[in-house]
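Peer 1: data21.txt (compact mmCIF, C-alpha atoms and all ligand atoms) pasted underneath:
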```txt
# COMPACT_ATOMS: atom_id res chain seq x y z
CA MET Y 1 -41.58 23.95 -168.85
CA SER Y 2 -38.02 22.74 -169.14
CA TRP Y 3 -36.68 25.50 -166.88
CA ASN Y 4 -38.48 23.75 -164.03
CA ILE Y 5 -37.37 26.34 -161.48
CA LEU Y 6 -39.57 27.23 -158.54
CA GLY Y 7 -40.69 30.85 -158.36
CA HIS Y 8 -39.05 33.62 -160.39
CA GLU Y 9 -41.58 33.36 -163.26
CA ARG Y 10 -40.90 36.88 -164.48
CA ALA Y 11 -37.14 36.43 -164.43
CA ILE Y 12 -37.49 33.17 -166.38
CA GLN Y 13 -39.70 34.80 -168.99
CA PHE Y 14 -37.22 37.63 -169.36
CA LEU Y 15 -34.28 35.28 -169.86
CA GLN Y 16 -36.23 33.04 -172.24
CA ILE Y 17 -36.78 36.03 -174.49
CA HIS Y 18 -33.14 37.05 -174.15
CA SER Y 19 -31.90 33.58 -175.09
CA GLN Y 20 -32.97 34.28 -178.67
CA PRO Y 21 -30.09 35.46 -180.90
CA GLU Y 22 -31.89 38.68 -181.85
CA ASN Y 23 -32.39 39.67 -178.18
CA VAL Y 24 -29.27 38.48 -176.42
CA ARG Y 25 -27.15 41.15 -174.71
CA HIS Y 26 -23.53 41.29 -173.62
CA ALA Y 27 -23.97 41.34 -169.88
CA TYR Y 28 -26.46 40.25 -167.23
CA LEU Y 29 -26.58 40.81 -163.50
CA ILE Y 30 -28.69 38.45 -161.37
CA THR Y 31 -29.21 39.73 -157.84
CA GLY Y 32 -30.79 38.21 -154.73
CA ALA Y 33 -29.97 36.74 -151.32
CA GLU Y 34 -27.73 33.70 -151.07
CA GLY Y 35 -29.75 30.54 -151.66
CA VAL Y 36 -32.44 32.30 -153.64
CA GLY Y 37 -31.38 30.48 -156.83
CA ARG Y 38 -29.18 32.96 -158.71
CA GLU Y 39 -26.72 30.43 -160.06
CA THR Y 40 -29.36 27.84 -160.94
CA LEU Y 41 -31.10 30.48 -163.01
CA ALA Y 42 -27.85 31.57 -164.66
CA LEU Y 43 -27.04 27.99 -165.70
CA ALA Y 44 -30.56 27.47 -167.06
CA PHE Y 45 -30.05 30.61 -169.15
CA VAL Y 46 -26.78 29.24 -170.52
CA LYS Y 47 -28.59 26.01 -171.45
CA ALA Y 48 -31.32 27.97 -173.22
CA LEU Y 49 -28.61 29.82 -175.15
CA ASN Y 50 -26.85 26.63 -176.23
CA CYS Y 51 -29.37 23.79 -176.40
CA ILE Y 52 -29.23 22.11 -179.82
CA ASN Y 53 -32.67 20.56 -179.49
CA PRO Y 54 -34.94 23.05 -177.68
CA PRO Y 55 -38.52 21.76 -177.24
CA SER Y 56 -39.76 25.29 -177.87
CA LYS Y 57 -38.41 28.82 -178.21
CA GLY Y 58 -36.41 29.88 -175.18
CA ASP Y 59 -36.51 26.39 -173.66
CA PHE Y 60 -33.87 23.69 -173.44
CA CYS Y 61 -34.07 19.91 -173.60
CA GLY Y 62 -31.79 19.05 -170.69
CA VAL Y 63 -30.49 15.91 -172.45
CA CYS Y 64 -28.43 17.07 -175.46
CA GLN Y 65 -24.67 17.27 -175.10
CA PRO Y 66 -24.44 21.03 -174.40
CA CYS Y 67 -27.29 20.81 -171.85
CA ARG Y 68 -25.58 17.97 -170.00
CA GLN Y 69 -22.16 19.58 -170.14
CA ILE Y 70 -23.54 22.85 -168.80
CA GLU Y 71 -25.33 21.03 -166.00
CA ALA Y 72 -22.00 19.38 -165.09
CA GLN Y 73 -20.28 22.77 -165.42
CA ALA Y 74 -17.97 21.22 -168.01
CA PHE Y 75 -19.03 23.04 -171.17
CA PRO Y 76 -16.05 24.27 -173.23
CA ASP Y 77 -17.62 27.68 -173.89
CA LEU Y 78 -18.66 28.33 -170.31
CA ALA Y 79 -16.12 29.57 -167.78
CA ILE Y 80 -17.15 29.98 -164.16
CA LEU Y 81 -14.98 32.38 -162.24
CA ARG Y 82 -15.17 31.96 -158.47
CA VAL Y 83 -13.39 33.39 -155.48
CA ALA Y 84 -10.45 31.04 -154.93
CA GLU Y 85 -10.73 28.47 -152.16
CA GLY Y 86 -9.73 30.01 -148.86
CA ALA Y 87 -9.71 33.56 -150.30
CA ARG Y 88 -12.25 36.22 -149.42
CA GLU Y 89 -12.12 38.27 -152.58
CA LEU Y 90 -12.18 37.93 -156.33
CA LYS Y 91 -8.82 39.21 -157.55
CA ILE Y 92 -7.80 41.37 -160.48
CA GLU Y 93 -5.49 38.66 -161.83
CA GLN Y 94 -8.47 36.31 -162.16
CA ILE Y 95 -10.39 38.90 -164.17
CA ARG Y 96 -7.39 39.56 -166.45
CA ALA Y 97 -6.89 35.85 -167.16
CA MET Y 98 -10.59 35.50 -167.92
CA GLN Y 99 -10.47 38.46 -170.32
CA GLN Y 100 -7.79 36.83 -172.40
CA SER Y 101 -9.92 33.74 -172.94
CA LEU Y 102 -13.05 35.82 -173.47
CA ALA Y 103 -11.41 37.49 -176.46
CA LEU Y 104 -11.11 34.15 -178.28
CA ALA Y 105 -13.83 32.89 -180.59
CA PRO Y 106 -16.24 30.34 -179.09
CA TYR Y 107 -14.94 26.80 -179.19
CA GLN Y 108 -18.05 24.94 -180.34
CA SER Y 109 -21.09 27.14 -179.85
CA LYS Y 110 -22.51 30.55 -180.71
CA TYR Y 111 -21.27 32.31 -177.58
CA ARG Y 112 -18.49 32.28 -175.08
CA VAL Y 113 -20.06 32.71 -171.66
CA VAL Y 114 -18.36 33.73 -168.44
CA LEU Y 115 -20.32 33.37 -165.21
CA ILE Y 116 -18.99 35.21 -162.17
CA PRO Y 117 -20.95 34.36 -159.01
CA ASP Y 118 -20.90 36.72 -156.00
CA PHE Y 119 -19.37 39.65 -157.79
CA GLN Y 120 -19.89 41.75 -154.66
CA ARG Y 121 -16.74 40.00 -153.45
CA ALA Y 122 -14.59 41.45 -156.23
CA THR Y 123 -11.85 43.87 -155.19
CA LEU Y 124 -12.04 47.42 -156.51
CA GLY Y 125 -9.19 46.59 -158.88
CA ALA Y 126 -11.03 43.54 -160.18
CA SER Y 127 -14.20 45.59 -160.65
CA ASN Y 128 -12.37 48.24 -162.62
CA ALA Y 129 -10.69 45.59 -164.74
CA LEU Y 130 -14.05 44.01 -165.54
CA LEU Y 131 -15.40 47.39 -166.56
CA LYS Y 132 -13.23 47.20 -169.66
CA SER Y 133 -15.04 44.07 -170.85
CA LEU Y 134 -18.36 45.79 -170.30
CA GLU Y 135 -17.40 48.96 -172.13
CA GLU Y 136 -15.92 47.17 -175.12
CA PRO Y 137 -17.49 43.72 -175.06
CA PRO Y 138 -15.79 41.16 -177.31
CA ALA Y 139 -18.00 39.82 -180.08
CA ARG Y 140 -20.04 36.73 -179.22
CA ALA Y 141 -19.17 36.97 -175.54
CA ILE Y 142 -21.72 37.03 -172.73
CA LEU Y 143 -20.97 37.95 -169.15
CA ILE Y 144 -23.28 36.84 -166.35
CA LEU Y 145 -22.66 38.26 -162.90
CA THR Y 146 -24.53 37.38 -159.74
CA ALA Y 147 -24.52 39.47 -156.56
CA ASP Y 148 -26.41 39.89 -153.31
CA ALA Y 149 -27.70 43.29 -154.42
CA ARG Y 150 -27.27 45.73 -157.28
CA GLU Y 151 -26.12 48.31 -154.75
CA SER Y 152 -23.08 46.21 -153.76
CA LEU Y 153 -21.56 46.74 -157.21
CA LEU Y 154 -20.04 49.83 -158.78
CA GLU Y 155 -22.75 51.82 -160.51
CA THR Y 156 -20.65 51.85 -163.69
CA ILE Y 157 -20.81 48.04 -163.72
CA ALA Y 158 -24.42 47.56 -162.69
CA SER Y 159 -25.70 50.11 -165.19
CA ARG Y 160 -24.07 48.22 -168.08
CA CYS Y 161 -25.84 44.94 -167.26
CA GLU Y 162 -29.36 43.74 -167.87
CA LEU Y 163 -30.70 43.42 -164.34
CA VAL Y 164 -32.56 40.32 -163.16
CA ARG Y 165 -33.71 40.74 -159.58
CA LEU Y 166 -34.69 37.63 -157.60
CA ARG Y 167 -36.67 37.76 -154.39
CA PRO Y 168 -37.40 35.03 -151.87
CA MET Y 169 -40.82 33.51 -152.37
CA ARG Y 170 -43.60 34.09 -149.87
CA ILE Y 171 -43.36 31.40 -147.20
CA GLY Y 172 -46.88 30.18 -147.95
CA ASP Y 173 -46.22 29.95 -151.70
CA LEU Y 174 -42.97 28.08 -151.28
CA ALA Y 175 -44.59 25.70 -148.78
CA LYS Y 176 -47.38 24.95 -151.24
CA GLU Y 177 -44.94 24.25 -154.07
CA LEU Y 178 -42.78 22.06 -151.85
CA GLN Y 179 -45.81 20.11 -150.73
CA GLU Y 180 -46.98 19.51 -154.30
CA ARG Y 181 -43.62 18.72 -155.86
CA HIS Y 182 -41.94 16.74 -153.13
CA GLU Y 183 -44.78 14.89 -151.43
CA LEU Y 184 -44.21 16.53 -148.08
CA SER Y 185 -46.89 16.92 -145.47
CA GLU Y 186 -48.36 20.37 -144.91
CA VAL Y 187 -46.51 20.77 -141.61
CA GLU Y 188 -43.19 19.57 -143.05
CA SER Y 189 -43.34 21.81 -146.10
CA ARG Y 190 -44.31 24.81 -143.99
CA LYS Y 191 -41.42 24.16 -141.61
CA LEU Y 192 -38.98 23.76 -144.49
CA ALA Y 193 -40.16 26.94 -146.25
CA GLN Y 194 -39.89 28.91 -143.02
CA LEU Y 195 -36.47 27.51 -142.23
CA ALA Y 196 -35.28 28.51 -145.71
CA GLY Y 197 -36.75 32.00 -145.37
CA GLY Y 198 -38.58 31.53 -148.68
CA ARG Y 199 -35.31 30.94 -150.54
CA VAL Y 200 -35.77 28.08 -152.98
CA GLY Y 201 -32.10 27.08 -153.21
CA THR Y 202 -31.78 26.86 -149.44
CA ALA Y 203 -34.99 24.81 -149.21
CA MET Y 204 -33.67 22.38 -151.86
CA HIS Y 205 -30.38 22.11 -150.05
CA TYR Y 206 -32.18 21.21 -146.82
CA LEU Y 207 -34.47 18.81 -148.66
CA ARG Y 208 -31.53 16.80 -150.01
CA ASP Y 209 -30.00 16.58 -146.57
CA GLU Y 210 -31.24 13.36 -144.99
CA ASP Y 211 -30.00 14.30 -141.54
CA LEU Y 212 -31.74 17.63 -141.68
CA LEU Y 213 -34.55 16.83 -139.29
CA GLU Y 214 -32.10 15.51 -136.77
CA LYS Y 215 -29.93 18.62 -137.09
CA TYR Y 216 -33.02 20.74 -136.74
CA HIS Y 217 -34.04 19.12 -133.48
CA ASN Y 218 -30.46 19.24 -132.26
CA ALA Y 219 -30.37 22.97 -132.92
CA LEU Y 220 -33.51 23.45 -130.83
CA ASP Y 221 -32.13 21.28 -128.01
CA GLN Y 222 -28.98 23.38 -128.04
CA LEU Y 223 -31.02 26.55 -127.72
CA ASP Y 224 -32.81 25.03 -124.73
CA GLU Y 225 -29.40 24.53 -123.10
CA ILE Y 226 -28.08 27.95 -124.10
CA LEU Y 227 -31.01 29.69 -122.43
CA ASN Y 228 -29.92 28.13 -119.14
CA LEU Y 229 -26.25 29.10 -119.53
CA ASN Y 230 -24.56 32.18 -118.13
CA LEU Y 231 -22.52 34.48 -120.38
CA ARG Y 232 -19.34 32.49 -119.89
CA GLY Y 233 -21.08 29.26 -120.75
CA ARG Y 234 -22.43 30.80 -123.92
CA LEU Y 235 -19.02 32.00 -125.06
CA LYS Y 236 -17.72 28.51 -124.37
CA TYR Y 237 -20.52 27.08 -126.50
CA VAL Y 238 -19.47 29.24 -129.47
CA GLU Y 239 -15.85 28.30 -128.94
CA ASN Y 240 -16.76 24.62 -129.15
CA LEU Y 241 -18.75 25.23 -132.31
CA GLN Y 242 -15.75 26.94 -133.89
CA ARG Y 243 -13.77 23.74 -133.38
CA ALA Y 244 -16.39 21.59 -135.09
CA LYS Y 245 -15.83 20.64 -138.72
CA GLY Y 246 -17.65 22.22 -141.60
CA GLN Y 247 -18.40 25.67 -142.84
CA ALA Y 248 -19.10 28.05 -139.99
CA ARG Y 249 -21.16 30.42 -142.11
CA GLU Y 250 -23.49 27.68 -143.31
CA ASN Y 251 -23.72 25.94 -139.95
CA TYR Y 252 -24.41 29.15 -138.07
CA GLY Y 253 -26.95 30.20 -140.67
CA PHE Y 254 -28.80 26.96 -140.10
CA LEU Y 255 -28.69 27.31 -136.32
CA ILE Y 256 -29.93 30.88 -136.36
CA ALA Y 257 -32.68 30.15 -138.89
CA THR Y 258 -33.83 27.24 -136.72
CA TRP Y 259 -33.81 29.34 -133.55
CA LEU Y 260 -35.77 31.96 -135.42
CA THR Y 261 -38.63 29.46 -135.80
CA PHE Y 262 -38.58 29.02 -132.00
CA TRP Y 263 -38.74 32.77 -131.34
CA ARG Y 264 -41.55 33.16 -133.86
CA ASP Y 265 -43.44 30.56 -131.85
CA VAL Y 266 -42.68 32.47 -128.64
CA LEU Y 267 -44.08 35.61 -130.24
CA ILE Y 268 -47.22 33.71 -131.26
CA CYS Y 269 -47.64 32.61 -127.61
CA SER Y 270 -47.00 36.13 -126.29
CA GLU Y 271 -49.54 37.61 -128.62
CA ALA Y 272 -51.95 34.75 -127.87
CA SER Y 273 -52.92 35.07 -131.51
CA GLY Y 274 -54.02 31.45 -131.88
CA VAL Y 275 -51.76 30.85 -134.91
CA PRO Y 276 -50.54 27.21 -134.76
CA LEU Y 277 -46.97 26.71 -133.51
CA VAL Y 278 -44.30 25.32 -135.85
CA ASN Y 279 -42.32 23.48 -133.17
CA LEU Y 280 -45.00 21.55 -131.35
CA ALA Y 281 -42.41 19.37 -129.59
CA MET Y 282 -41.06 22.51 -127.91
CA GLU Y 283 -44.43 23.80 -126.81
CA ASP Y 284 -43.66 23.63 -123.10
CA LEU Y 285 -40.41 25.61 -123.36
CA THR Y 286 -42.05 28.01 -125.80
CA ARG Y 287 -44.86 28.84 -123.37
CA ARG Y 288 -42.52 29.17 -120.39
CA THR Y 289 -40.25 31.51 -122.35
CA ALA Y 290 -43.17 33.62 -123.51
CA ALA Y 291 -44.47 33.91 -119.95
CA GLY Y 292 -41.13 35.28 -118.71
CA LEU Y 293 -40.60 37.96 -121.35
CA SER Y 294 -42.39 41.08 -122.50
CA LEU Y 295 -43.81 41.15 -126.00
CA GLN Y 296 -41.39 43.94 -126.84
CA ARG Y 297 -38.42 41.91 -125.72
CA VAL Y 298 -39.48 38.91 -127.80
CA ALA Y 299 -39.96 41.13 -130.84
CA SER Y 300 -36.48 42.56 -130.35
CA ILE Y 301 -34.93 39.08 -130.06
CA LEU Y 302 -36.65 38.08 -133.29
CA LYS Y 303 -35.27 41.16 -134.99
CA ARG Y 304 -31.76 40.40 -133.75
CA HIS Y 305 -31.97 36.93 -135.31
CA GLU Y 306 -33.11 38.33 -138.64
CA GLU Y 307 -30.30 40.88 -138.58
CA ALA Y 308 -27.79 38.15 -137.77
CA LEU Y 309 -28.88 36.17 -140.84
CA THR Y 310 -28.52 39.24 -143.04
CA MET Y 311 -25.06 39.91 -141.64
CA LEU Y 312 -24.03 36.32 -142.33
CA ASP Y 313 -24.97 36.88 -145.98
CA GLN Y 314 -22.79 39.99 -145.96
CA TYR Y 315 -19.67 38.15 -144.88
CA VAL Y 316 -19.34 39.62 -141.42
CA ASN Y 317 -17.26 37.35 -139.13
CA PRO Y 318 -19.67 34.46 -138.28
CA ARG Y 319 -18.26 33.90 -134.80
CA LEU Y 320 -18.78 37.52 -133.85
CA ILE Y 321 -22.35 37.44 -135.09
CA LEU Y 322 -23.18 34.34 -133.07
CA GLU Y 323 -21.51 35.60 -129.90
CA ASN Y 324 -23.35 38.91 -130.04
CA LEU Y 325 -26.62 37.14 -130.63
CA LEU Y 326 -26.22 34.69 -127.75
CA LEU Y 327 -24.99 37.26 -125.22
CA ASP Y 328 -28.13 39.24 -125.84
CA LEU Y 329 -30.50 36.36 -125.07
CA PRO Y 330 -32.26 36.28 -121.70
CA ARG Y 331 -31.32 33.63 -119.14
CA LEU Y 332 -34.20 31.41 -118.21
CA GLU Y 333 -34.50 29.76 -114.80
CA SER Y 334 -35.55 26.17 -115.28
ZN ZN J 1 -30.48 20.65 -174.88
```
Translate this structure into structure tokens?
Ligand SMILES: [Zn+2]
Peer 2:
Amino acid sequence: MSWNILGHERAIQFLQIHSQPENVRHAYLITGAEGVGRETLALAFVKALNCINPPSKGDFCGVCQPCRQIEAQAFPDLAILRVAEGARELKIEQIRAMQQSLALAPYQSKYRVVLIPDFQRATLGASNALLKSLEEPPARAILILTADARESLLETIASRCELVRLRPMRIGDLAKELQERHELSEVESRKLAQLAGGRVGTAMHYLRDEDLLEKYHNALDQLDEILNLNLRGRLKYVENLQRAKGQARENYGFLIATWLTFWRDVLICSEASGVPLVNLAMEDLTRRTAAGLSLQRVASILKRHEEALTMLDQYVNPRLILENLLLDLPRLES
């Protein structure tokens, strides 16, 4: 299968059918959590629409000129409209400029496609402006929106799009796929799948990162230190992180997801359920932590971490999320 995308079989089938000229519609909305693979799927769809040498119906070759240009995001009939660097929202002016080009005939292919990732970040004005394109779609134009959830968009917009809903894979399923496709050990693939929360894109991102394992162990070492710090020390820790280079949202997401694997292990110890631990190197700290906390407390800490990850996806201030999370953690006496 040329789509070669992990998970999302039903979504792929749906888009393969829709890539045929007799089935194609004017607008699509792909929803799912960040890292679940929304944009990868959207680009595969654009390839299926434009491939000049498809191996079979609804597929694409991946090597013809359109396929390669789309992969490089340099295809003349594909515009990708993103929130501007440093901005938080997609602006009405961006939508208006896009609409002017959308009205033109395709340059070299059957369709003119506009992909707008993260449309939940559009301002109300931008949303209303886009509505015009959905109500009176230009001929041979296709709009593809992605968003975290259908509910984050105006109903008038969502209801005019073909909906493709993506969900994270089950941890076990993703681990199995990772193990088979990427020659990872069972433990490694399980750890990676868990760290990515079943989100394929996030898992791939981690997989390409050669320093990942080191970062992972660093994150756990930092947690070990944090648990010994008082409130002031913890605030100081966040302040230092803020000064570090890189994207806070991504970095914090990684930290919290890593710590989540530790707290899951603590819960396993508390419940004495006999499930194998993920972080064997931390076994000592894990058992000590479990011994000092009630099962209820551990469960609540786990929940707080999961909530923090959700909030990060929703563009709440990352620093605030991390501070709240750390201030709530118990202090362990070493
Ligand atoms: Zn092709």
Peer 1: Can you work out which one of Y:Leu277, Y:Leu235, Y:Met282, Y:Leu312 has the shortest atom-to-atom distance to Leu327 of chain Y, counting only C-alpha atoms?
Peer 2: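 Checking each candidate against Leu327 of chain Y, we get Y:Leu235 as the closest.
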Peer 1: Excluding Leu332 of chain Y and residues on its chain fewer than 4 positions from it, collect all residues at most 12 Å away from it, counting all atoms listed in the file, and give them as a compact mmCIF listing (two decimals) with C-alpha atoms, keeping the file's coordinate frame.
Peer 2:
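Output file part.txt is given in full below:
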```txt
# COMPACT_ATOMS: atom_id res chain seq x y z
CA LEU Y 223 -31.02 26.55 -127.72
CA ASP Y 224 -32.81 25.03 -124.73
CA GLU Y 225 -29.40 24.53 -123.10
CA ILE Y 226 -28.08 27.95 -124.10
CA LEU Y 227 -31.01 29.69 -122.43
CA ASN Y 228 -29.92 28.13 -119.14
CA LEU Y 229 -26.25 29.10 -119.53
CA ASN Y 230 -24.56 32.18 -118.13
CA LEU Y 285 -40.41 25.61 -123.36
CA THR Y 286 -42.05 28.01 -125.80
CA ARG Y 288 -42.52 29.17 -120.39
CA THR Y 289 -40.25 31.51 -122.35
CA ALA Y 290 -43.17 33.62 -123.51
CA ALA Y 291 -44.47 33.91 -119.95
CA GLY Y 292 -41.13 35.28 -118.71
CA LEU Y 293 -40.60 37.96 -121.35
```
Peer 1: Within 6 Å of ligand ZN 1 (chain J) (counting all atoms listed in the file), which residues show up? I'd like them as a CSV table (one decimal) with C-alpha atoms, in the coordinates of the input.
Peer 2:
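Saved file part.csv follows:
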```csv
chain,number,residue,atom,x,y,z
Y,51,CYS,CA,-29.4,23.8,-176.4
Y,52,ILE,CA,-29.2,22.1,-179.8
Y,53,ASN,CA,-32.7,20.6,-179.5
Y,54,PRO,CA,-34.9,23.0,-177.7
Y,60,PHE,CA,-33.9,23.7,-173.4
Y,61,CYS,CA,-34.1,19.9,-173.6
Y,62,GLY,CA,-31.8,19.0,-170.7
Y,63,VAL,CA,-30.5,15.9,-172.4
Y,64,CYS,CA,-28.4,17.1,-175.5
Y,67,CYS,CA,-27.3,20.8,-171.8
```
Peer 1: Can you pull out the residues contacting Gly32 of chain Y? Cut-off 6 Å, using all atoms listed in the file, and skip same-chain residues under 2 positions away; I want them as a VMD selection string.
Peer 2: chain Y and resid 148 to 149 166 to 167
Peer 1: With only C-alpha atoms as the atoms that count, which of Y:Ala126, Y:Ile321, Y:Leu192, Y:Met204 lies nearest to Ala248 of chain Y?
Peer 2: Y:Ile321
Peer 1: For Glu71 of chain Y, please output as a PDB file with C-alpha atoms, keeping the file's coordinate frame all residues within 10 Å (counting all atoms listed in the file; exclusion window: fewer than 2 positions along the same chain).
Peer 2:
```
ATOM      1  CA  THR Y  40     -29.360  27.840-160.940  1.00  0.00           C
ATOM      2  CA  LEU Y  43     -27.040  27.990-165.700  1.00  0.00           C
ATOM      3  CA  ALA Y  44     -30.560  27.470-167.060  1.00  0.00           C
ATOM      4  CA  VAL Y  46     -26.780  29.240-170.520  1.00  0.00           C
ATOM      5  CA  LYS Y  47     -28.590  26.010-171.450  1.00  0.00           C
ATOM      6  CA  GLY Y  62     -31.790  19.050-170.690  1.00  0.00           C
ATOM      7  CA  VAL Y  63     -30.490  15.910-172.450  1.00  0.00           C
ATOM      8  CA  GLN Y  65     -24.670  17.270-175.100  1.00  0.00           C
ATOM      9  CA  PRO Y  66     -24.440  21.030-174.400  1.00  0.00           C
ATOM     10  CA  CYS Y  67     -27.290  20.810-171.850  1.00  0.00           C
ATOM     11  CA  ARG Y  68     -25.580  17.970-170.000  1.00  0.00           C
ATOM     12  CA  GLN Y  69     -22.160  19.580-170.140  1.00  0.00           C
ATOM     13  CA  GLN Y  73     -20.280  22.770-165.420  1.00  0.00           C
ATOM     14  CA  ALA Y  74     -17.970  21.220-168.010  1.00  0.00           C
ATOM     15  CA  PHE Y  75     -19.030  23.040-171.170  1.00  0.00           C
TER      16      PHE Y  75
END
```
Peer 1: Quick one: of Y:Pro117, Y:Pro137, Y:Gly253, Y:Gly58, who's nearest to Ala84 of chain Y, counting only C-alpha atoms?
Peer 2: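 Smallest distance to Ala84 of chain Y is found for Y:Pro117.
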Peer 1: May I have the centre and edge lengths, in Å to one decimal, of an axis-aligned box around the listed atoms of segment 157-163 of chain Y with 3 Å added to every side, as JSON?
Peer 2:
```
{"center_x": -25.8, "center_y": 46.8, "center_z": -165.4, "size_x": 15.9, "size_y": 12.7, "size_z": 11.4}
```
Peer 1: Pick out the closest residue to Asn4 of chain Y from this set: Y:Arg264, Y:Pro276, Y:Glu177, Y:Asp313. Count all atoms listed in the file.
Peer 2: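 Checking each candidate against Asn4 of chain Y, we get Y:Glu177 as the closest.
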Peer 1: Counting only C-alpha atoms, which residues have an atom no more than 9 Å from (-16.7, 39.8, -161.8) in the file's coordinates? Please list them as a ChimeraX atom specification.
Peer 2: /Y:81-82,90-91,94-95,115-122,126-127,129-130,143-146
Peer 1: May I ask you to restore N, CA, C and O atoms in segment 98-113 of chain Y and write the result as a compact mmCIF listing (two decimals), in the coordinates of the input?
Peer 2:
```txt
# COMPACT_ATOMS: atom_id res chain seq x y z
N MET Y 98 -9.30 35.79 -167.29
CA MET Y 98 -10.59 35.50 -167.92
C MET Y 98 -10.74 36.32 -169.20
O MET Y 98 -11.20 35.84 -170.23
N GLN Y 99 -10.30 37.58 -169.15
CA GLN Y 99 -10.47 38.46 -170.32
C GLN Y 99 -9.70 37.96 -171.54
O GLN Y 99 -10.16 38.09 -172.66
N GLN Y 100 -8.56 37.37 -171.28
CA GLN Y 100 -7.79 36.83 -172.40
C GLN Y 100 -8.55 35.71 -173.10
O GLN Y 100 -8.57 35.65 -174.32
N SER Y 101 -9.20 34.85 -172.31
CA SER Y 101 -9.92 33.74 -172.94
C SER Y 101 -11.24 34.23 -173.55
O SER Y 101 -11.72 33.68 -174.53
N LEU Y 102 -11.78 35.28 -172.96
CA LEU Y 102 -13.05 35.82 -173.47
C LEU Y 102 -12.87 36.40 -174.88
O LEU Y 102 -13.79 36.45 -175.68
N ALA Y 103 -11.67 36.86 -175.16
CA ALA Y 103 -11.41 37.49 -176.46
C ALA Y 103 -11.35 36.47 -177.59
O ALA Y 103 -11.46 36.82 -178.76
N LEU Y 104 -11.17 35.19 -177.24
CA LEU Y 104 -11.11 34.15 -178.28
C LEU Y 104 -12.50 33.84 -178.81
O LEU Y 104 -13.49 34.08 -178.13
N ALA Y 105 -12.54 33.29 -180.03
CA ALA Y 105 -13.83 32.89 -180.59
C ALA Y 105 -14.35 31.69 -179.81
O ALA Y 105 -13.59 30.94 -179.22
N PRO Y 106 -15.69 31.51 -179.78
CA PRO Y 106 -16.24 30.34 -179.09
C PRO Y 106 -15.66 29.05 -179.67
O PRO Y 106 -15.36 28.98 -180.86
N TYR Y 107 -15.56 28.05 -178.83
CA TYR Y 107 -14.94 26.80 -179.19
C TYR Y 107 -15.88 25.95 -180.04
O TYR Y 107 -15.53 25.46 -181.09
N GLN Y 108 -17.12 25.79 -179.58
CA GLN Y 108 -18.05 24.94 -180.34
C GLN Y 108 -19.45 25.53 -180.47
O GLN Y 108 -20.29 24.96 -181.11
N SER Y 109 -19.71 26.66 -179.82
CA SER Y 109 -21.09 27.14 -179.85
C SER Y 109 -21.15 28.60 -180.33
O SER Y 109 -20.15 29.15 -180.75
N LYS Y 110 -22.32 29.19 -180.21
CA LYS Y 110 -22.51 30.55 -180.71
C LYS Y 110 -21.83 31.59 -179.82
O LYS Y 110 -21.40 32.63 -180.29
N TYR Y 111 -21.77 31.30 -178.51
CA TYR Y 111 -21.27 32.31 -177.58
C TYR Y 111 -20.21 31.72 -176.65
O TYR Y 111 -20.20 30.53 -176.37
N ARG Y 112 -19.40 32.62 -176.16
CA ARG Y 112 -18.49 32.28 -175.08
C ARG Y 112 -19.07 32.95 -173.83
O ARG Y 112 -19.24 34.17 -173.80
N VAL Y 113 -19.40 32.16 -172.83
CA VAL Y 113 -20.06 32.71 -171.66
C VAL Y 113 -19.13 32.64 -170.44
O VAL Y 113 -18.48 31.63 -170.20
```
